[in-house]
$ cat protein_22.txt   # compact mmCIF, C-alpha atoms and all ligand atoms
# COMPACT_ATOMS: atom_id res chain seq x y z
CA MET A 25 29.20 -19.89 -34.89
CA LYS A 26 31.44 -16.87 -35.54
CA THR A 27 32.04 -14.96 -32.31
CA ILE A 28 34.04 -11.86 -31.39
CA VAL A 29 34.75 -10.39 -27.97
CA TYR A 30 34.60 -6.60 -27.65
CA TYR A 31 35.71 -5.07 -24.39
CA TYR A 32 36.36 -1.84 -22.57
CA SER A 33 38.48 -1.81 -19.45
CA HIS A 34 39.83 1.05 -17.37
CA LYS A 35 41.86 -0.81 -14.75
CA GLY A 36 42.46 -4.13 -16.47
CA SER A 37 40.03 -6.63 -14.93
CA ASN A 38 37.67 -6.67 -17.88
CA LYS A 39 40.61 -6.80 -20.27
CA TYR A 40 41.84 -9.88 -18.43
CA LEU A 41 38.38 -11.48 -18.48
CA ALA A 42 37.78 -10.61 -22.15
CA ASN A 43 41.12 -12.12 -23.19
CA LYS A 44 40.38 -15.26 -21.22
CA ILE A 45 36.98 -15.65 -22.89
CA ALA A 46 38.43 -15.03 -26.38
CA SER A 47 41.18 -17.55 -25.73
CA ASP A 48 38.73 -20.21 -24.47
CA LEU A 49 36.32 -19.63 -27.35
CA ASN A 50 39.26 -19.39 -29.74
CA CYS A 51 37.77 -16.25 -31.25
CA GLU A 52 38.79 -12.72 -32.18
CA ILE A 53 38.94 -9.88 -29.69
CA GLU A 54 38.92 -6.10 -30.06
CA GLU A 55 39.14 -3.26 -27.58
CA ILE A 56 36.48 -0.54 -27.62
CA LYS A 57 38.27 2.80 -27.43
CA PRO A 58 36.35 5.95 -26.53
CA ILE A 59 37.43 9.07 -28.46
CA LEU A 60 38.20 10.66 -25.08
CA ASN A 61 39.19 7.96 -22.62
CA ALA A 62 38.59 9.93 -19.43
CA HIS A 63 36.58 7.74 -17.10
CA LEU A 64 35.57 10.41 -14.59
CA LEU A 65 34.27 12.65 -17.38
CA MET A 66 32.41 9.72 -18.94
CA ILE A 67 30.83 8.93 -15.55
CA MET A 68 29.71 12.58 -15.41
CA GLY A 69 28.04 12.13 -18.79
CA LEU A 70 30.63 13.31 -21.32
CA ASN A 71 30.19 11.27 -24.48
CA LEU A 72 32.27 11.98 -27.57
CA GLY A 73 31.61 8.53 -29.01
CA ASN A 74 33.94 5.62 -29.68
CA GLN A 75 36.78 5.30 -32.15
CA LYS A 76 36.05 3.32 -35.30
CA LEU A 77 36.36 -0.44 -34.83
CA LYS A 78 38.63 -2.61 -36.98
CA ALA A 79 36.29 -5.61 -37.22
CA GLN A 80 32.85 -5.44 -38.87
CA VAL A 81 30.20 -6.25 -36.28
CA GLU A 82 27.80 -7.56 -38.92
CA ASN A 83 30.25 -10.34 -39.83
CA TYR A 84 29.70 -12.10 -36.51
CA ASP A 85 26.86 -14.36 -35.35
CA ARG A 86 27.58 -13.58 -31.74
CA ILE A 87 29.14 -10.71 -29.81
CA VAL A 88 30.56 -11.01 -26.31
CA LEU A 89 30.55 -7.50 -24.80
CA CYS A 90 32.63 -7.08 -21.67
CA GLY A 91 33.24 -4.09 -19.41
CA PRO A 92 32.95 -2.62 -15.92
CA ILE A 93 29.98 -0.99 -14.22
CA TRP A 94 30.22 2.56 -12.91
CA MET A 95 27.64 4.09 -10.59
CA GLY A 96 25.03 1.46 -11.39
CA LYS A 97 24.95 2.41 -15.07
CA LEU A 98 25.73 0.91 -18.45
CA ILE A 99 29.02 2.70 -19.13
CA VAL A 100 29.26 5.16 -22.03
CA PRO A 101 31.65 3.16 -24.32
CA LEU A 102 29.48 0.02 -24.06
CA LYS A 103 26.23 1.95 -24.48
CA ASN A 104 27.64 3.67 -27.58
CA PHE A 105 28.66 0.29 -28.97
CA ILE A 106 25.20 -1.23 -28.46
CA LYS A 107 23.29 1.78 -29.79
CA LYS A 108 25.49 2.13 -32.87
CA HIS A 109 25.17 -1.54 -33.82
CA LEU A 110 21.66 -2.22 -32.54
CA ASN A 111 20.31 -3.30 -35.92
CA ILE A 112 23.25 -5.46 -36.98
CA ILE A 113 23.91 -7.32 -33.73
CA ASN A 114 22.60 -10.88 -34.05
CA LYS A 115 23.16 -12.19 -30.54
CA LEU A 116 24.96 -10.57 -27.63
CA ILE A 117 26.40 -11.96 -24.41
CA PHE A 118 27.01 -9.27 -21.82
CA VAL A 119 29.78 -9.86 -19.29
CA SER A 120 31.06 -7.68 -16.49
CA CYS A 121 33.79 -7.94 -13.93
CA CYS A 122 32.17 -5.47 -11.55
CA GLY A 123 32.20 -4.48 -7.91
CA SER A 124 28.69 -5.47 -6.88
CA PRO A 125 28.46 -8.96 -5.33
CA PHE A 126 25.64 -11.40 -6.12
CA ASP A 127 23.76 -10.63 -2.89
CA LYS A 128 23.64 -6.92 -3.82
CA LYS A 129 22.86 -7.38 -7.50
CA ASP A 130 19.45 -5.67 -7.25
CA GLU A 131 20.62 -2.72 -5.15
CA LYS A 132 21.27 0.80 -6.45
CA PHE A 133 24.75 -0.03 -7.76
CA GLY A 134 24.05 -3.69 -8.51
CA HIS A 135 24.87 -5.41 -11.78
CA ASN A 136 21.27 -6.52 -12.40
CA LEU A 137 20.25 -2.92 -13.06
CA VAL A 138 22.81 -2.73 -15.84
CA PHE A 139 21.80 -6.13 -17.19
CA ASN A 140 18.23 -4.83 -17.37
CA GLN A 141 19.40 -1.75 -19.32
CA VAL A 142 21.19 -4.01 -21.81
CA LYS A 143 18.13 -6.26 -22.15
CA GLN A 144 15.91 -3.23 -22.67
CA LEU A 145 18.13 -1.99 -25.50
CA LEU A 146 18.59 -5.36 -27.19
CA GLY A 147 15.49 -7.37 -26.28
CA GLU A 148 15.84 -11.05 -27.17
CA LYS A 149 19.16 -10.45 -28.94
CA CYS A 150 20.72 -10.34 -25.46
CA ILE A 151 21.00 -14.05 -24.74
CA VAL A 152 23.16 -14.15 -21.60
CA CYS A 153 24.27 -11.65 -18.94
CA GLU A 154 26.99 -12.79 -16.54
CA ALA A 155 28.65 -11.00 -13.64
CA PHE A 156 32.06 -11.74 -12.19
CA PRO A 157 32.15 -9.65 -9.01
CA ILE A 158 35.72 -8.80 -8.03
CA THR A 159 34.75 -9.69 -4.44
CA LEU A 160 34.95 -13.36 -5.53
CA VAL A 161 38.73 -13.12 -5.50
CA LEU A 162 38.98 -11.31 -2.16
CA PRO A 163 39.57 -13.09 1.17
CA GLU A 164 36.43 -13.36 3.36
CA GLU A 165 37.50 -10.54 5.69
CA GLN A 166 37.88 -8.08 2.77
CA LYS A 167 34.66 -8.86 0.89
CA ASN A 168 32.85 -5.84 2.38
CA ASP A 169 35.89 -3.56 2.21
CA THR A 170 35.24 -1.08 -0.62
CA ASP A 171 38.83 0.11 -0.56
CA ALA A 172 40.12 -3.45 -1.01
CA PHE A 173 37.88 -4.26 -3.96
CA MET A 174 38.61 -0.97 -5.72
CA LYS A 175 42.33 -1.78 -5.52
CA THR A 176 41.96 -5.39 -6.70
CA HIS A 177 42.19 -6.31 -10.37
CA LEU A 178 41.88 -9.71 -11.99
CA ASN A 179 45.14 -11.41 -12.88
CA ASP A 180 46.64 -14.90 -13.14
CA ASP A 181 47.56 -14.87 -9.43
CA ASN A 182 44.08 -14.16 -8.07
CA PHE A 183 41.95 -15.89 -10.72
CA LYS A 184 41.40 -19.00 -8.63
CA GLY A 185 38.85 -20.57 -6.28
CA GLU A 186 35.18 -19.59 -6.50
CA ILE A 187 35.52 -17.40 -9.60
CA VAL A 188 36.98 -20.28 -11.64
CA GLY A 189 33.90 -22.47 -11.05
CA ILE A 190 31.57 -19.65 -12.10
CA TYR A 191 33.74 -18.85 -15.12
CA ASN A 192 33.91 -22.51 -16.25
CA SER A 193 30.10 -22.90 -16.01
CA PHE A 194 29.73 -19.70 -18.05
CA ILE A 195 32.10 -20.94 -20.77
CA GLN A 196 30.31 -24.31 -20.89
CA LYS A 197 26.95 -22.53 -21.18
CA ILE A 198 28.03 -20.35 -24.10
CA GLN A 199 29.96 -23.14 -25.85
CA LYS A 200 26.76 -25.21 -26.22
C1 LIG B 1 34.04 5.30 -10.27
C2 LIG B 1 33.65 3.86 -10.13
C3 LIG B 1 32.32 3.52 -9.93
C4 LIG B 1 31.95 2.17 -9.82
N1 LIG B 1 30.63 1.87 -9.65
C5 LIG B 1 30.25 0.55 -9.60
C6 LIG B 1 28.87 0.19 -9.51
O1 LIG B 1 27.97 1.03 -9.49
N2 LIG B 1 28.55 -1.12 -9.48
C7 LIG B 1 29.50 -2.10 -9.53
O2 LIG B 1 29.15 -3.27 -9.53
N3 LIG B 1 30.83 -1.79 -9.61
C8 LIG B 1 31.22 -0.50 -9.64
N4 LIG B 1 32.55 -0.17 -9.75
C9 LIG B 1 33.55 -1.24 -9.73
C10 LIG B 1 34.04 -1.61 -11.13
O3 LIG B 1 32.98 -2.05 -11.95
C11 LIG B 1 35.08 -2.72 -10.99
O4 LIG B 1 36.15 -2.24 -10.21
C12 LIG B 1 35.57 -3.27 -12.31
O5 LIG B 1 36.14 -4.54 -12.08
C13 LIG B 1 36.61 -2.41 -12.99
O6 LIG B 1 36.89 -2.97 -14.25
P1 LIG B 1 38.21 -2.64 -15.07
O7 LIG B 1 39.38 -3.06 -14.21
O8 LIG B 1 38.09 -3.45 -16.30
O9 LIG B 1 38.22 -1.17 -15.34
C14 LIG B 1 32.93 1.16 -9.88
C15 LIG B 1 34.28 1.53 -10.08
C16 LIG B 1 34.64 2.84 -10.21
C17 LIG B 1 36.09 3.20 -10.43
$ encode --input "protein_22.txt" --output "structure tokens" --more "lines below"
Ligand SMILES: Cc1cc2nc3c(=O)[nH]c(=O)nc-3n(C[C@H](O)[C@H](O)[C@H](O)COP(=O)(O)O)c2cc1C
Amino acid sequence: MKTIVYYYSHKGSNKYLANKIASDLNCEIEEIKPILNAHLLMIMGLNLGNQKLKAQVENYDRIVLCGPIWMGKLIVPLKNFIKKHLNIINKLIFVSCCGSPFDKKDEKFGHNLVFNQVKQLLGEKCIVCEAFPITLVLPEEQKNDTDAFMKTHLNDDNFKGEIVGIYNSFIQKIQK
């Protein structure tokens, strides 16, 4: 099965996660670059589209799409990617290192809302959605501290403990 990982990352966590997935799947990886990479403007709705990709999406059996969540929405660069390639995507796995923890996944800013948006756009082509809340790498006393999670980014030093178990199960699931 030919797979490629596409990712967008503003602060680096999703870049870290995307690289890890590509390395474990031994597959290609490409960054999605918005024409204007201004995250606050994109959150406010500005959408000038993405830059042209190097790889041809139609050449892959499976896409892993990875990126953050902002304000409970599917972010502009990822939405552009899905809409542009809707007809040529075969299967898509959606992955996010986000802020919302599992117990808040259905709340206003929860990752499930975004997963539902992706499933609505792609229907059965979306085969897996997986969240890696950044709170997983925070000590217990900081898990509800918004300031702490906004300042924390995935890296080799903090990618340990609970998140590793969840990540390994995810890789096993998609390697089948
Ligand atoms: C402006 C802003 C809004 C955010 N809104 C949400 C949200 O609604 N839900 C959520 O789960 N995480 C939210 N987050 C947290 C990011 O998804 C999280 O920090 C992510 O790991 C950042 O990924 P990156 O380092 O790849 O850019 C928000 C972050 C920012 C900066």
$ residues_near_ligand --input "protein_22.txt" --ligand "ligand LIG 1 (chain B)" --cutoff "6 Å" --atoms "only C-alpha atoms and all ligand atoms" --output "tab-separated table (two decimals) with C-alpha atoms, in the coordinates of the input"
chain	number	residue	atom	x	y	z
A	33	SER	CA	38.48	-1.81	-19.45
A	34	HIS	CA	39.83	1.05	-17.37
A	35	LYS	CA	41.86	-0.81	-14.75
A	36	GLY	CA	42.46	-4.13	-16.47
A	37	SER	CA	40.03	-6.63	-14.93
A	38	ASN	CA	37.67	-6.67	-17.88
A	39	LYS	CA	40.61	-6.80	-20.27
A	91	GLY	CA	33.24	-4.09	-19.41
A	92	PRO	CA	32.95	-2.62	-15.92
A	93	ILE	CA	29.98	-0.99	-14.22
A	94	TRP	CA	30.22	2.56	-12.91
A	95	MET	CA	27.64	4.09	-10.59
A	96	GLY	CA	25.03	1.46	-11.39
A	121	CYS	CA	33.79	-7.94	-13.93
A	122	CYS	CA	32.17	-5.47	-11.55
A	123	GLY	CA	32.20	-4.48	-7.91
A	124	SER	CA	28.69	-5.47	-6.88
A	133	PHE	CA	24.75	-0.03	-7.76
A	134	GLY	CA	24.05	-3.69	-8.51
A	135	HIS	CA	24.87	-5.41	-11.78
A	158	ILE	CA	35.72	-8.80	-8.03
A	174	MET	CA	38.61	-0.97	-5.72
A	177	HIS	CA	42.19	-6.31	-10.37
$ atom_distance --input "protein_22.txt" --atom1 "CA of Asn179 (chain A)" --atom2 "CA of Cys153 (chain A)"
21.7 Å
$ closest_residue --input "protein_22.txt" --among "A:Gln80, A:Asn50, A:Asn114, A:Thr159" --to "Asn182 (chain A)" --atoms "all atoms listed in the file"
A:Thr159
$ residues_around --input "protein_22.txt" --residues "Tyr84 (chain A)" --least-positions-apart "4" --cutoff "9 Å" --atoms "only C-alpha atoms" --output "list in words"
Met25, Lys26, Thr27, Ile28, Gln80, Ile113, Asn114 and Lys115 of chain A
$ residues_near_point --input "protein_22.txt" --point "(34.1, -1.7, -28.3)" --cutoff "12 Å" --atoms "only C-alpha atoms" --output "MDAnalysis selection string"
chainID A and resid 28:33 39 42 53:59 73:81 87:91 99:109
$ atom_distance --input "protein_22.txt" --atom1 "CA of Asn61 (chain A)" --atom2 "CA of Ala46 (chain A)"
23.3 Å
$ atom_distance --input "protein_22.txt" --atom1 "CA of Glu154 (chain A)" --atom2 "CA of Val119 (chain A)"
4.9 Å
$ closest_residue --input "protein_22.txt" --among "A:Leu64, A:Ile187, A:Cys51, A:Leu41" --to "Pro157 (chain A)" --atoms "all atoms listed in the file"
A:Ile187
$ residues_around --input "protein_22.txt" --residues "Leu137 (chain A)" --least-positions-apart "5" --cutoff "8 Å" --atoms "all atoms listed in the file" --output "PDB file with C-alpha atoms, in the frame of the given file"
ATOM      1  CA  GLY A  96      25.030   1.460 -11.390  1.00  0.00           C
ATOM      2  CA  LYS A  97      24.950   2.410 -15.070  1.00  0.00           C
ATOM      3  CA  LYS A 129      22.860  -7.380  -7.500  1.00  0.00           C
ATOM      4  CA  ASP A 130      19.450  -5.670  -7.250  1.00  0.00           C
ATOM      5  CA  GLU A 131      20.620  -2.720  -5.150  1.00  0.00           C
ATOM      6  CA  LYS A 132      21.270   0.800  -6.450  1.00  0.00           C
TER       7      LYS A 132
END
$ closest_residue --input "protein_22.txt" --among "A:Ser47, A:Asn83, A:Gln141, A:Gln166" --to "Phe118 (chain A)" --atoms "all atoms listed in the file"
A:Gln141
$ closest_residue --input "protein_22.txt" --among "A:Asp127, A:Asp48, A:Glu82, A:Glu165" --to "Gln196 (chain A)" --atoms "only C-alpha atoms"
A:Asp48
